file entry-v4.cif (mmCIF, C-alpha atoms)
data_entry
loop_
_atom_site.label_atom_id
_atom_site.label_comp_id
_atom_site.auth_asym_id
_atom_site.auth_seq_id
_atom_site.Cartn_x
_atom_site.Cartn_y
_atom_site.Cartn_z
CA MET A 1 0.00 0.00 0.00
CA LYS A 2 2.85 2.34 0.94
CA SER A 3 4.50 1.97 -2.46
CA VAL A 4 1.20 2.84 -4.21
CA ILE A 5 1.45 6.28 -2.64
CA SER A 6 5.23 6.76 -2.48
CA THR A 7 6.04 5.66 -6.04
CA PRO A 8 3.85 8.21 -7.92
CA ILE A 9 5.04 10.97 -5.54
CA ALA A 10 8.70 10.07 -6.16
CA ILE A 11 8.26 9.86 -9.94
CA LEU A 12 6.25 13.09 -10.16
CA THR A 13 8.72 15.01 -7.99
CA GLY A 14 11.66 13.72 -10.02
CA LEU A 15 9.98 14.65 -13.31
CA ILE A 16 9.10 18.16 -12.09
CA VAL A 17 12.68 18.81 -10.91
CA LEU A 18 14.16 17.44 -14.15
CA THR A 19 11.74 19.31 -16.42
CA GLY A 20 12.25 22.51 -14.43
CA TYR A 21 15.98 22.23 -15.13
CA PHE A 22 15.52 22.16 -18.91
CA PHE A 23 12.48 24.43 -19.47
CA GLN A 24 12.21 27.96 -18.13
CA ILE A 25 8.53 27.78 -17.15
CA PRO A 26 7.89 29.95 -14.03
CA ILE A 27 5.59 27.49 -12.20
CA LEU A 28 7.97 24.58 -12.88
CA ASN A 29 10.96 26.59 -11.69
CA ASP A 30 9.13 27.60 -8.50
CA LEU A 31 8.14 23.99 -7.79
CA ARG A 32 11.68 22.81 -8.52
CA SER A 33 13.17 25.33 -6.08
CA LEU A 34 10.56 24.40 -3.45
CA PHE A 35 11.28 20.66 -3.74
CA LEU A 36 15.04 21.22 -3.63
CA ASP A 37 14.62 23.40 -0.51
CA TRP A 38 12.58 20.65 1.12
CA ALA A 39 15.27 18.12 0.21
CA VAL A 40 17.97 20.26 1.82
CA ILE A 41 15.91 20.77 5.02
CA LEU A 42 15.08 17.05 5.18
CA ALA A 43 18.74 16.14 4.64
CA ALA A 44 19.71 18.36 7.59
CA PHE A 45 17.03 16.84 9.82
CA ILE A 46 18.06 13.32 8.82
CA VAL A 47 21.55 14.00 10.25
CA PHE A 48 19.85 14.51 13.62
CA ILE A 49 18.01 11.18 13.27
CA GLY A 50 21.32 9.57 12.31
CA VAL A 51 22.90 10.82 15.51
CA ILE A 52 19.97 9.31 17.46
CA ASN A 53 20.65 5.99 15.67
CA ILE A 54 24.32 6.10 16.70
CA SER A 55 23.31 6.90 20.32
CA ILE A 56 20.72 4.10 20.59
CA VAL A 57 23.07 1.46 19.14
CA ASN A 58 25.92 2.48 21.47
CA VAL A 59 23.70 2.74 24.56
CA SER A 60 22.44 -0.80 23.90
CA HIS A 61 26.08 -1.96 23.42
CA PHE A 62 27.05 -0.55 26.78
CA THR A 63 23.98 -1.65 28.74
CA SER A 64 24.02 -5.19 27.32
CA GLY A 65 27.57 -5.60 28.63
CA LYS A 66 29.03 -6.43 25.22
CA LYS A 67 32.78 -6.79 24.76
CA ASN A 68 34.41 -3.32 24.46
CA GLY A 69 31.16 -1.71 25.66
CA VAL A 70 33.24 0.90 27.46
CA PHE A 71 34.17 2.39 24.07
CA SER A 72 30.48 2.94 23.41
CA LEU A 73 30.23 4.81 26.73
CA VAL A 74 33.22 6.99 25.77
CA LEU A 75 31.57 7.71 22.42
CA ILE A 76 28.24 8.72 24.01
CA ILE A 77 29.92 10.97 26.61
CA SER A 78 32.13 12.63 23.96
CA MET A 79 29.17 13.12 21.65
CA LEU A 80 27.08 14.71 24.42
CA ILE A 81 29.91 17.03 25.50
CA THR A 82 30.53 18.15 21.90
CA LEU A 83 26.80 18.60 21.27
CA ILE A 84 26.23 20.67 24.43
CA LEU A 85 29.33 22.81 23.84
CA GLY A 86 28.39 23.26 20.19
CA LEU A 87 24.87 24.40 21.09
CA ILE A 88 26.15 26.85 23.73
CA LEU A 89 29.32 28.16 22.07
CA LYS A 90 28.30 27.70 18.38
CA PRO A 91 30.63 26.22 15.72
CA GLY A 92 33.72 28.34 15.03
CA HIS A 93 34.32 29.13 18.72
CA PRO A 94 38.00 28.58 19.74
CA ILE A 95 37.02 25.73 22.12
CA MET A 96 35.11 23.98 19.34
CA ASN A 97 38.08 24.46 17.00
CA PHE A 98 40.35 23.08 19.72
CA ILE A 99 38.18 19.96 20.07
CA PHE A 100 38.23 19.45 16.30
CA ASN A 101 41.94 20.17 15.79
CA SER A 102 43.23 18.22 18.79
CA ILE A 103 40.92 15.18 18.76
CA GLN A 104 39.08 14.64 15.48
CA LEU A 105 41.89 15.67 13.14
CA PRO A 106 44.74 13.65 14.75
CA VAL A 107 42.52 10.55 14.95
CA GLU A 108 41.65 10.82 11.25
CA LYS A 109 45.33 11.42 10.38
CA SER A 110 46.27 8.29 12.34
CA LEU A 111 43.70 6.31 10.41
CA MET A 112 45.22 7.65 7.18
CA ALA A 113 48.63 6.42 8.39
CA VAL A 114 47.15 2.99 9.20
CA LEU A 115 45.61 2.97 5.73
CA SER A 116 48.98 3.57 4.06
CA ILE A 117 50.41 0.50 5.83
CA THR A 118 47.30 -1.48 4.89
CA LEU A 119 47.77 -0.52 1.25
CA ILE A 120 51.45 -1.53 1.26
CA ILE A 121 50.49 -4.96 2.64
CA ALA A 122 47.68 -5.22 0.08
CA SER A 123 50.13 -4.42 -2.73
CA ILE A 124 52.52 -7.12 -1.49
CA HIS A 125 49.65 -9.64 -1.47
CA LEU A 126 48.19 -8.46 -4.79
CA LEU A 127 50.23 -10.74 -7.06
CA ARG A 128 49.37 -13.75 -4.90
CA ARG A 129 45.68 -12.82 -4.77
CA LYS A 130 45.29 -11.84 -8.41
CA PRO A 131 48.14 -13.25 -10.46
CA GLY A 132 47.98 -11.73 -13.95
CA TRP A 133 49.25 -9.00 -16.22
CA ILE A 134 46.71 -6.42 -14.98
CA SER A 135 48.07 -6.71 -11.43
CA VAL A 136 51.63 -6.35 -12.76
CA ILE A 137 50.66 -3.18 -14.68
CA PHE A 138 48.85 -1.86 -11.58
CA LEU A 139 51.90 -2.37 -9.35
CA VAL A 140 54.46 -1.08 -11.87
CA THR A 141 52.39 2.08 -12.47
CA ALA A 142 51.98 2.68 -8.73
CA LEU A 143 55.73 2.20 -8.16
CA LEU A 144 56.70 4.49 -11.05
CA ILE A 145 54.40 7.25 -9.82
CA LEU A 146 55.73 6.82 -6.26
CA ILE A 147 59.37 6.96 -7.37
CA GLY A 148 58.64 9.95 -9.58
CA THR A 149 56.73 11.82 -6.85
CA ALA A 150 58.51 10.93 -3.59
CA PRO A 151 61.28 13.29 -2.41
CA SER A 152 64.71 11.80 -2.93
CA PRO A 153 68.06 12.85 -1.35
CA PHE A 154 69.59 12.81 -4.85
CA GLY A 155 66.97 15.11 -6.37
CA GLU A 156 64.69 14.05 -9.20
CA VAL A 157 65.22 10.50 -10.46
CA PRO A 158 66.30 10.86 -14.13
CA ILE A 159 63.91 9.57 -16.83
CA VAL A 160 61.38 8.36 -14.20
CA GLY A 161 60.55 11.82 -12.76
CA GLY A 162 60.81 13.80 -15.98
CA ILE A 163 59.49 11.48 -18.69
CA LEU A 164 57.91 8.26 -17.42
CA LYS A 165 55.87 9.69 -14.53
CA PRO A 166 54.21 12.49 -16.56
CA PHE A 167 53.54 10.05 -19.41
CA PHE A 168 51.96 7.47 -17.10
CA ALA A 169 50.05 9.99 -14.96
CA GLN A 170 48.91 12.47 -17.60
CA VAL A 171 48.44 10.23 -20.64
CA LEU A 172 47.81 6.59 -19.72
CA ALA A 173 46.27 6.97 -16.25
CA ALA A 174 44.27 10.09 -17.18
CA SER A 175 42.78 8.45 -20.27
CA GLY A 176 41.92 5.30 -18.30
CA ALA A 177 40.36 7.42 -15.56
CA ARG A 178 38.30 9.36 -18.10
CA GLY A 179 37.06 6.07 -19.58
CA ILE A 180 35.97 4.85 -16.14
CA LEU A 181 34.33 8.19 -15.32
CA LEU A 182 32.39 8.14 -18.61
CA GLY A 183 31.15 4.66 -17.72
CA VAL A 184 30.12 5.86 -14.25
CA ALA A 185 28.34 8.87 -15.81
CA LEU A 186 26.36 6.57 -18.12
CA GLY A 187 25.53 4.33 -15.16
CA THR A 188 24.38 7.38 -13.19
CA LEU A 189 22.16 8.42 -16.10
CA THR A 190 20.46 5.02 -16.38
CA MET A 191 20.15 4.78 -12.58
CA GLY A 192 18.28 8.10 -12.63
CA LEU A 193 15.98 6.78 -15.37
CA ARG A 194 15.33 3.60 -13.38
CA ILE A 195 14.13 5.73 -10.45
CA LEU A 196 12.14 8.12 -12.67
CA PHE A 197 10.33 5.26 -14.42
CA GLY A 198 9.69 3.53 -11.10
CA ALA A 199 11.63 0.42 -12.17
CA ASP A 200 13.81 0.75 -9.07
CA ARG A 201 12.23 1.92 -5.85
CA PRO A 202 14.92 2.10 -3.19
CA TYR A 203 12.58 3.81 -0.76
CA GLY A 204 10.78 0.85 0.73
CA GLY A 205 8.67 -0.08 -2.28
CA LYS A 206 9.43 -3.35 -4.08
CA MET B 207 19.46 27.87 -23.37
CA ASN B 208 23.14 27.00 -23.58
CA SER B 209 24.55 24.11 -25.59
CA VAL B 210 25.53 22.03 -22.51
CA ILE B 211 21.92 21.95 -21.25
CA ILE B 212 20.61 21.12 -24.74
CA THR B 213 23.15 18.28 -25.11
CA ALA B 214 22.34 16.94 -21.64
CA GLY B 215 18.60 17.07 -22.38
CA PHE B 216 19.12 15.32 -25.73
CA LEU B 217 21.25 12.60 -24.09
CA ILE B 218 18.66 11.97 -21.36
CA ALA B 219 15.81 11.85 -23.89
CA LEU B 220 17.80 9.55 -26.21
CA THR B 221 18.68 7.19 -23.36
CA ALA B 222 15.07 7.15 -22.10
CA VAL B 223 13.73 6.26 -25.57
CA LEU B 224 16.46 3.63 -26.06
CA VAL B 225 15.76 2.04 -22.68
CA LEU B 226 11.99 1.95 -23.27
CA ILE B 227 12.38 0.38 -26.74
CA LEU B 228 14.87 -2.20 -25.45
CA ALA B 229 12.69 -3.00 -22.42
CA ILE B 230 9.72 -3.71 -24.72
CA PHE B 231 11.73 -5.88 -27.10
CA LYS B 232 13.63 -7.76 -24.38
CA ARG B 233 10.74 -8.30 -21.97
CA LYS B 234 10.31 -12.00 -22.78
CA GLU B 235 13.95 -12.87 -23.40
CA VAL B 236 15.97 -15.00 -21.02
CA PRO B 237 18.59 -12.74 -19.40
CA SER B 238 22.09 -13.21 -20.83
CA HIS B 239 24.64 -11.15 -18.96
CA ARG B 240 28.30 -10.60 -19.61
CA GLU B 241 30.29 -12.76 -17.22
CA ILE B 242 31.65 -10.71 -14.29
CA PRO B 243 33.67 -12.90 -11.88
CA ALA B 244 32.76 -10.72 -8.87
CA PHE B 245 29.07 -11.63 -9.25
CA ASN B 246 29.81 -15.36 -9.31
CA GLN B 247 31.82 -14.89 -6.13
CA LEU B 248 28.98 -12.87 -4.60
CA GLN B 249 26.47 -15.64 -5.29
CA LYS B 250 28.77 -18.27 -3.79
CA ALA B 251 29.42 -16.09 -0.73
CA LEU B 252 25.68 -15.55 -0.15
CA ASP B 253 24.96 -19.29 -0.41
CA GLN B 254 27.83 -20.00 1.97
CA SER B 255 26.52 -17.46 4.50
CA ILE B 256 23.06 -19.04 4.47
CA GLU B 257 24.51 -22.56 4.87
CA GLU B 258 26.88 -21.61 7.66
CA GLY B 259 24.34 -19.43 9.47
CA THR B 260 26.61 -16.41 9.36
CA ARG B 261 25.67 -12.84 8.61
CA VAL B 262 25.86 -10.72 5.45
CA HIS B 263 26.92 -7.09 5.81
CA VAL B 264 26.02 -4.53 3.17
CA SER B 265 27.88 -1.24 3.33
CA LEU B 266 26.34 1.60 1.35
CA GLY B 267 29.14 4.14 1.44
CA LYS B 268 28.94 7.88 1.87
CA GLY B 269 27.11 9.02 -1.26
CA LYS B 270 24.98 12.01 -0.22
CA LEU B 271 21.58 11.70 -1.87
CA VAL B 272 21.48 15.38 -2.82
CA SER B 273 24.87 15.30 -4.53
CA GLN B 274 26.57 13.81 -7.59
CA GLN B 275 27.33 10.65 -5.61
CA GLY B 276 23.62 10.10 -4.93
CA ALA B 277 23.31 7.62 -7.81
CA ALA B 278 25.94 5.35 -6.24
CA GLY B 279 23.99 5.43 -2.97
CA LEU B 280 20.76 4.61 -4.78
CA ALA B 281 22.49 1.73 -6.61
CA GLY B 282 23.58 0.45 -3.18
CA LEU B 283 20.04 0.71 -1.82
CA SER B 284 18.66 -1.13 -4.82
CA SER B 285 21.21 -3.91 -4.28
CA LEU B 286 20.35 -4.03 -0.57
CA ASN B 287 16.68 -4.38 -1.49
CA HIS B 288 17.33 -7.51 -3.57
CA LEU B 289 20.06 -8.96 -1.35
CA SER B 290 17.81 -8.82 1.72
CA SER B 291 15.08 -10.68 -0.18
CA GLN B 292 17.57 -13.27 -1.39
CA ILE B 293 18.89 -14.17 2.05
CA GLN B 294 15.58 -14.34 3.92
CA ALA B 295 16.36 -18.00 4.66
CA SER B 296 19.47 -17.08 6.66
CA ASP B 297 19.45 -17.59 10.45
CA LEU B 298 20.94 -14.17 11.09
CA PRO B 299 19.39 -11.08 9.49
CA LEU B 300 21.44 -8.90 7.16
CA LEU B 301 23.27 -5.91 8.62
CA SER B 302 23.54 -2.66 6.75
CA SER B 303 25.87 0.25 7.44
CA SER B 304 26.40 3.63 5.85
CA GLY B 305 28.16 6.92 6.39
CA GLU B 306 25.27 9.10 5.26
CA PRO B 307 22.14 9.64 7.37
CA GLY B 308 19.82 9.71 4.32
CA LEU B 309 21.05 6.31 3.18
CA SER B 310 20.70 4.99 6.72
CA ILE B 311 17.02 5.99 6.93
CA LEU B 312 16.25 4.61 3.47
CA SER B 313 18.05 1.34 4.22
CA GLN B 314 15.86 0.92 7.34
CA ASP B 315 12.82 1.38 5.15
CA VAL B 316 14.12 -1.10 2.56
CA LEU B 317 14.92 -3.77 5.19
CA GLN B 318 11.59 -3.25 6.94
CA SER B 319 9.54 -3.73 3.78
CA SER B 320 11.73 -6.62 2.69
CA SER B 321 11.32 -8.60 5.91
CA LYS B 322 7.62 -7.79 6.00
CA GLU B 323 7.21 -9.18 2.51
CA GLY B 324 9.41 -12.24 3.01
CA LEU B 325 8.64 -13.31 6.56
CA GLY B 326 5.25 -11.69 7.00
CA ARG B 327 6.58 -9.73 9.99
CA GLU B 328 8.69 -6.69 10.60
CA GLU B 329 12.12 -7.28 12.02
CA ASN B 330 13.89 -4.66 14.08
CA SER B 331 15.27 -2.78 11.08
CA PHE B 332 16.43 0.08 13.33
CA LYS B 333 19.10 -2.18 14.83
CA GLN B 334 19.88 -3.84 11.48
CA THR B 335 21.03 -0.54 10.02
CA ARG B 336 23.90 1.46 11.43
CA LEU B 337 25.16 4.92 10.73
CA THR B 338 28.76 4.20 11.66
CA GLY B 339 30.22 7.69 11.21
CA LEU B 340 29.70 10.98 9.45
CA THR B 341 33.18 11.60 8.03
CA HIS B 342 35.10 9.29 5.68
CA PHE B 343 37.44 7.85 8.27
CA SER B 344 34.98 7.80 11.19
CA TYR B 345 32.67 5.81 8.92
CA ALA B 346 35.44 3.29 8.26
CA ALA B 347 36.45 3.21 11.93
CA GLY B 348 32.84 2.58 12.99
CA SER B 349 32.50 -0.24 10.45
CA ILE B 350 35.50 -2.16 11.82
CA PRO B 351 33.90 -3.32 15.14
CA LEU B 352 30.65 -3.96 13.29
CA ILE B 353 32.39 -6.43 10.97
CA ARG B 354 34.43 -8.04 13.74
CA ASN B 355 31.72 -8.54 16.38
CA ASN B 356 28.68 -9.70 14.44
CA ASN B 357 29.64 -13.09 12.97
CA ILE B 358 29.85 -11.61 9.48
CA SER B 359 31.24 -13.77 6.69
CA THR B 360 30.23 -11.80 3.59
CA ASN B 361 30.72 -8.08 3.08
CA VAL B 362 29.14 -6.31 0.13
CA LEU B 363 30.34 -2.75 -0.38
CA VAL B 364 28.18 -0.97 -2.96
CA GLY B 365 28.14 2.81 -3.12
CA ASN B 366 30.46 5.76 -2.87
CA PHE B 367 33.70 4.74 -1.14
CA GLY B 368 36.98 6.59 -1.14
CA VAL B 369 40.31 5.28 0.09
CA GLU B 370 38.73 4.51 3.49
CA ALA B 371 37.36 1.35 1.84
CA GLY B 372 40.84 -0.11 2.44
CA LEU B 373 40.28 -0.10 6.22
CA ILE B 374 36.84 -1.72 5.92
CA ILE B 375 38.11 -4.45 3.58
CA GLU B 376 41.16 -5.07 5.74
CA SER B 377 38.98 -5.66 8.81
CA ALA B 378 36.84 -8.07 6.76
CA ASN B 379 39.95 -9.92 5.59
CA ARG B 380 41.12 -10.27 9.19
CA VAL B 381 38.01 -12.26 10.11
CA ASN B 382 38.39 -14.32 6.90
CA GLY B 383 35.34 -12.71 5.40
CA ILE B 384 34.65 -12.51 1.68
CA THR B 385 34.38 -8.98 0.32
CA ILE B 386 32.76 -7.90 -2.92
CA ALA B 387 33.07 -4.18 -3.53
CA ALA B 388 32.13 -1.54 -6.06
CA SER B 389 32.55 2.24 -5.92
CA ASP B 390 32.08 5.18 -8.26
CA ASP B 391 35.14 6.95 -6.83
CA LEU B 392 38.43 6.51 -8.73
CA PRO B 393 40.87 6.32 -5.75
CA GLY B 394 38.31 4.10 -4.01
CA GLN B 395 38.27 1.73 -7.00
CA ALA B 396 42.07 1.49 -6.97
CA VAL B 397 42.09 0.64 -3.26
CA ILE B 398 39.29 -1.91 -3.74
CA TYR B 399 41.17 -3.51 -6.64
CA ALA B 400 44.30 -3.93 -4.55
CA ASN B 401 42.47 -5.28 -1.49
CA THR B 402 39.83 -7.67 -2.77
CA GLY B 403 39.85 -10.94 -4.68
CA GLU B 404 37.34 -9.87 -7.31
CA SER B 405 36.36 -6.26 -7.77
CA MET B 406 33.98 -4.32 -9.94
CA ILE B 407 35.22 -1.45 -12.07
CA GLY B 408 33.38 1.67 -13.20
CA GLU B 409 29.76 1.27 -14.21
CA GLU B 410 29.60 -2.36 -12.98
CA LEU B 411 28.46 -0.75 -9.71
CA PHE B 412 25.13 0.03 -11.35
CA ALA B 413 24.76 -3.55 -12.65
CA VAL B 414 24.77 -5.22 -9.21
CA SER B 415 21.02 -4.95 -8.75
CA GLU B 416 20.26 -6.46 -12.20
CA TYR B 417 22.71 -9.33 -11.69
CA ILE B 418 21.04 -10.19 -8.36
CA HIS B 419 17.46 -9.75 -9.54
CA HIS B 420 16.66 -9.59 -13.25
CA THR B 421 13.96 -7.29 -14.62
CA PRO B 422 13.56 -6.37 -18.32
CA PHE B 423 13.86 -2.65 -17.57
CA LYS B 424 17.14 -2.97 -15.70
CA ALA B 425 18.49 -5.31 -18.39
CA ALA B 426 17.49 -2.71 -21.00
CA CYS B 427 19.37 -0.06 -19.00
CA LEU B 428 22.54 -2.15 -19.13
CA ILE B 429 22.23 -2.70 -22.89
CA ALA B 430 21.56 1.03 -23.40
CA GLN B 431 24.69 1.78 -21.36
CA ASP B 432 26.73 -0.52 -23.62
CA ILE B 433 25.30 1.04 -26.80
CA LEU B 434 25.95 4.59 -25.55
CA ARG B 435 29.49 3.65 -24.52
CA TRP B 436 30.22 2.47 -28.07
CA VAL B 437 28.65 5.65 -29.49
CA LEU B 438 30.96 7.69 -27.24
CA VAL B 439 34.03 5.64 -28.19
CA ILE B 440 33.32 6.00 -31.92
CA SER B 441 32.57 9.74 -31.55
CA MET B 442 35.81 10.35 -29.68
CA LEU B 443 37.90 8.39 -32.20
CA LEU B 444 36.17 10.16 -35.08
CA GLY B 445 36.77 13.51 -33.38
CA ALA B 446 40.45 12.70 -32.93
CA VAL B 447 40.83 11.66 -36.58
CA LEU B 448 39.03 14.81 -37.80
CA LYS B 449 41.21 16.95 -35.52
CA LEU B 450 44.35 15.28 -36.88
CA GLY B 451 43.10 15.83 -40.41
CA GLY B 452 42.57 19.53 -39.67
CA VAL B 453 38.81 19.36 -40.29
CA LEU B 454 37.88 20.39 -36.70
#

call {"tool": "encode", "arguments": {"input": "entry-v4.cif", "output": "structure tokens"}}
result
Amino acid sequence: MKSVISTPIAILTGLIVLTGYFFQIPILNDLRSLFLDWAVILAAFIVFIGVINISIVNVSHFTSGKKNGVFSLVLIISMLITLILGLILKPGHPIMNFIFNSIQLPVEKSLMAVLSITLIIASIHLLRRKPGWISVIFLVTALLILIGTAPSPFGEVPIVGGILKPFFAQVLAASGARGILLGVALGTLTMGLRILFGADRPYGGK
Amino acid sequence: MNSVIITAGFLIALTAVLVLILAIFKRKEVPSHREIPAFNQLQKALDQSIEEGTRVHVSLGKGKLVSQQGAAGLAGLSSLNHLSSQIQASDLPLLSSSGEPGLSILSQDVLQSSSKEGLGREENSFKQTRLTGLTHFSYAAGSIPLIRNNNISTNVLVGNFGVEAGLIIESANRVNGITIAASDDLPGQAVIYANTGESMIGEELFAVSEYIHHTPFKAACLIAQDILRWVLVISMLLGAVLKLGGVL
């Protein structure tokens, strides 16, 4: 029953927004702006619901005595402190900046460092996991770009830094990337059509 | 109206007509898809999860619905819709995670309607879906305990993932889980390629839903994509030749 109501609304809204983009008809443009405003307001409110989801899941982790439940408690306390301070002091206040720069930023940087190690290990395992010429090309390209980009005590590595790296990065890799992006753009286009025609209803309707 | 808008409008209209014609002509045909090894692996992993009574985890990425990455998020939701129907027989319900509140709400809705349809009852979809973090790395960090502590054997990553996908896949590999991943993000695709056994490249992300659950319209969309890709390839080659010849 729900999809009988939600599907026509979704299709109609999508068509109005799309048509309003291509045709300068005042009523269509007004409706398009109104729907987009609603979407932005809803998106902001959904963040709040998302935070409630995080809180409920972590409270249940802590209260059910699950392994590492104490981390959930730390998360809830930190979230509450940040929320209360944010509401009182407003974003941009030096204390809020301090919280962001001294907690959030270093943690994310550490994760980036962990990721670099993870990627090195993945590269070592790549040839075992996917033996083949594509993996060899992948690794050789990554190594060439690294050698050409990384600072060296002897200055720029001859041939690699001046000729091979630009050729690989700006000709081969760029053309491959454009090919992939064109494919993604076509996929995005057909995905939009699937939603507009109601063939795909990823909003609860089958 | 400028030429970019006219071209975009023409392309959308052309694709819509092409898809509709193909959907009508192909509606009674048996689906014949191009072989993509990642989908074979996905099917095996799903069967294995059901047999072993382990859980399937679907991660939807960080594609904001009101942004360019929205299509990747919607492709993930569509895949979640069909995956949840396919593994109704499993002892443990599917878990879904995302790094975008909009996707999280929609995935709850998808899982709720799916379990209602399959089991005739509503499961607790609120606890089946997790918003694990709001930034790229907090999302990945929140996914790690989720994968480790919930008896998960199959991880399906479909959506917008950047390099943080490496951390999610690594945690899945540590618990000997099988990971099948697809992203619309270029650095994300490179990381996925290096970390997983079988990966999907480029527009294969948008084919996941059709490969799991065939419908004539989605099959027509894939054929239209292939036709348009060839049109683009030929146009670009022709353009290059004409440029070389001094015509353009």

call {"tool": "resolve_selection", "arguments": {"input": "entry-v4.cif", "expression": "the PyMOL selection byres ((chain B and resi 341) around 10)", "output": "ChimeraX atom specification"}}
result
/A:104,108 /B:268,305-306,338-340,342-347

call {"tool": "resolve_selection", "arguments": {"input": "entry-v4.cif", "expression": "the PyMOL selection byres ((chain B and resi 282-294) around 9)", "output": "PDB file with C-alpha atoms, in the coordinates of the input"}}
result
ATOM      1  CA  ASP A 200      13.810   0.750  -9.070  1.00  0.00           C
ATOM      2  CA  ARG A 201      12.230   1.920  -5.850  1.00  0.00           C
ATOM      3  CA  PRO A 202      14.920   2.100  -3.190  1.00  0.00           C
ATOM      4  CA  TYR A 203      12.580   3.810  -0.760  1.00  0.00           C
ATOM      5  CA  GLY A 204      10.780   0.850   0.730  1.00  0.00           C
ATOM      6  CA  LYS A 206       9.430  -3.350  -4.080  1.00  0.00           C
TER       7      LYS A 206
ATOM      8  CA  LEU B 252      25.680 -15.550  -0.150  1.00  0.00           C
ATOM      9  CA  ASP B 253      24.960 -19.290  -0.410  1.00  0.00           C
ATOM     10  CA  SER B 255      26.520 -17.460   4.500  1.00  0.00           C
ATOM     11  CA  ILE B 256      23.060 -19.040   4.470  1.00  0.00           C
ATOM     12  CA  VAL B 262      25.860 -10.720   5.450  1.00  0.00           C
ATOM     13  CA  VAL B 264      26.020  -4.530   3.170  1.00  0.00           C
ATOM     14  CA  SER B 265      27.880  -1.240   3.330  1.00  0.00           C
ATOM     15  CA  LEU B 266      26.340   1.600   1.350  1.00  0.00           C
ATOM     16  CA  GLY B 267      29.140   4.140   1.440  1.00  0.00           C
ATOM     17  CA  ALA B 277      23.310   7.620  -7.810  1.00  0.00           C
ATOM     18  CA  ALA B 278      25.940   5.350  -6.240  1.00  0.00           C
ATOM     19  CA  GLY B 279      23.990   5.430  -2.970  1.00  0.00           C
ATOM     20  CA  LEU B 280      20.760   4.610  -4.780  1.00  0.00           C
ATOM     21  CA  ALA B 281      22.490   1.730  -6.610  1.00  0.00           C
ATOM     22  CA  ALA B 295      16.360 -18.000   4.660  1.00  0.00           C
ATOM     23  CA  SER B 296      19.470 -17.080   6.660  1.00  0.00           C
ATOM     24  CA  ASP B 297      19.450 -17.590  10.450  1.00  0.00           C
ATOM     25  CA  LEU B 298      20.940 -14.170  11.090  1.00  0.00           C
ATOM     26  CA  PRO B 299      19.390 -11.080   9.490  1.00  0.00           C
ATOM     27  CA  LEU B 300      21.440  -8.900   7.160  1.00  0.00           C
ATOM     28  CA  SER B 302      23.540  -2.660   6.750  1.00  0.00           C
ATOM     29  CA  LEU B 309      21.050   6.310   3.180  1.00  0.00           C
ATOM     30  CA  LEU B 312      16.250   4.610   3.470  1.00  0.00           C
ATOM     31  CA  SER B 313      18.050   1.340   4.220  1.00  0.00           C
ATOM     32  CA  VAL B 316      14.120  -1.100   2.560  1.00  0.00           C
ATOM     33  CA  LEU B 317      14.920  -3.770   5.190  1.00  0.00           C
ATOM     34  CA  SER B 319       9.540  -3.730   3.780  1.00  0.00           C
ATOM     35  CA  SER B 320      11.730  -6.620   2.690  1.00  0.00           C
ATOM     36  CA  SER B 321      11.320  -8.600   5.910  1.00  0.00           C
ATOM     37  CA  GLU B 323       7.210  -9.180   2.510  1.00  0.00           C
ATOM     38  CA  GLY B 324       9.410 -12.240   3.010  1.00  0.00           C
ATOM     39  CA  LEU B 325       8.640 -13.310   6.560  1.00  0.00           C
ATOM     40  CA  LEU B 363      30.340  -2.750  -0.380  1.00  0.00           C
ATOM     41  CA  VAL B 364      28.180  -0.970  -2.960  1.00  0.00           C
ATOM     42  CA  GLY B 365      28.140   2.810  -3.120  1.00  0.00           C
ATOM     43  CA  ASN B 366      30.460   5.760  -2.870  1.00  0.00           C
ATOM     44  CA  LEU B 411      28.460  -0.750  -9.710  1.00  0.00           C
ATOM     45  CA  PHE B 412      25.130   0.030 -11.350  1.00  0.00           C
ATOM     46  CA  VAL B 414      24.770  -5.220  -9.210  1.00  0.00           C
ATOM     47  CA  SER B 415      21.020  -4.950  -8.750  1.00  0.00           C
ATOM     48  CA  GLU B 416      20.260  -6.460 -12.200  1.00  0.00           C
ATOM     49  CA  ILE B 418      21.040 -10.190  -8.360  1.00  0.00           C
ATOM     50  CA  HIS B 419      17.460  -9.750  -9.540  1.00  0.00           C
TER      51      HIS B 419
END

call {"tool": "closest_atom_pairs", "arguments": {"input": "entry-v4.cif", "of": "region 252-367 of chain B", "to": "region 49-62 of chain A", "cutoff": "8 Å", "atoms": "only C-alpha atoms", "output": "JSON lines"}}
result
{"residue": "B:Pro307", "atom": "CA", "partner": "A:Gly50", "partner_atom": "CA", "distance": 5.0}
{"residue": "B:Ser310", "atom": "CA", "partner": "A:Gly50", "partner_atom": "CA", "distance": 7.3}
{"residue": "B:Ile311", "atom": "CA", "partner": "A:Gly50", "partner_atom": "CA", "distance": 7.8}
{"residue": "B:Phe332", "atom": "CA", "partner": "A:Asn53", "partner_atom": "CA", "distance": 7.6}
{"residue": "B:Lys333", "atom": "CA", "partner": "A:Val57", "partner_atom": "CA", "distance": 6.9}
{"residue": "B:Arg336", "atom": "CA", "partner": "A:Asn53", "partner_atom": "CA", "distance": 7.0}
{"residue": "B:Leu337", "atom": "CA", "partner": "A:Ile54", "partner_atom": "CA", "distance": 6.1}
{"residue": "B:Thr338", "atom": "CA", "partner": "A:Ile54", "partner_atom": "CA", "distance": 7.0}

call {"tool": "resolve_selection", "arguments": {"input": "entry-v4.cif", "expression": "the PyMOL selection byres ((chain A) within 8 of (chain B))", "output": "PyMOL selection string"}}
result
chain A and resi 22+39-40+43+46-47+49-51+53-54+57+108+111-112+115+118-119+122-123+126+129-130+177+180-194+199-206
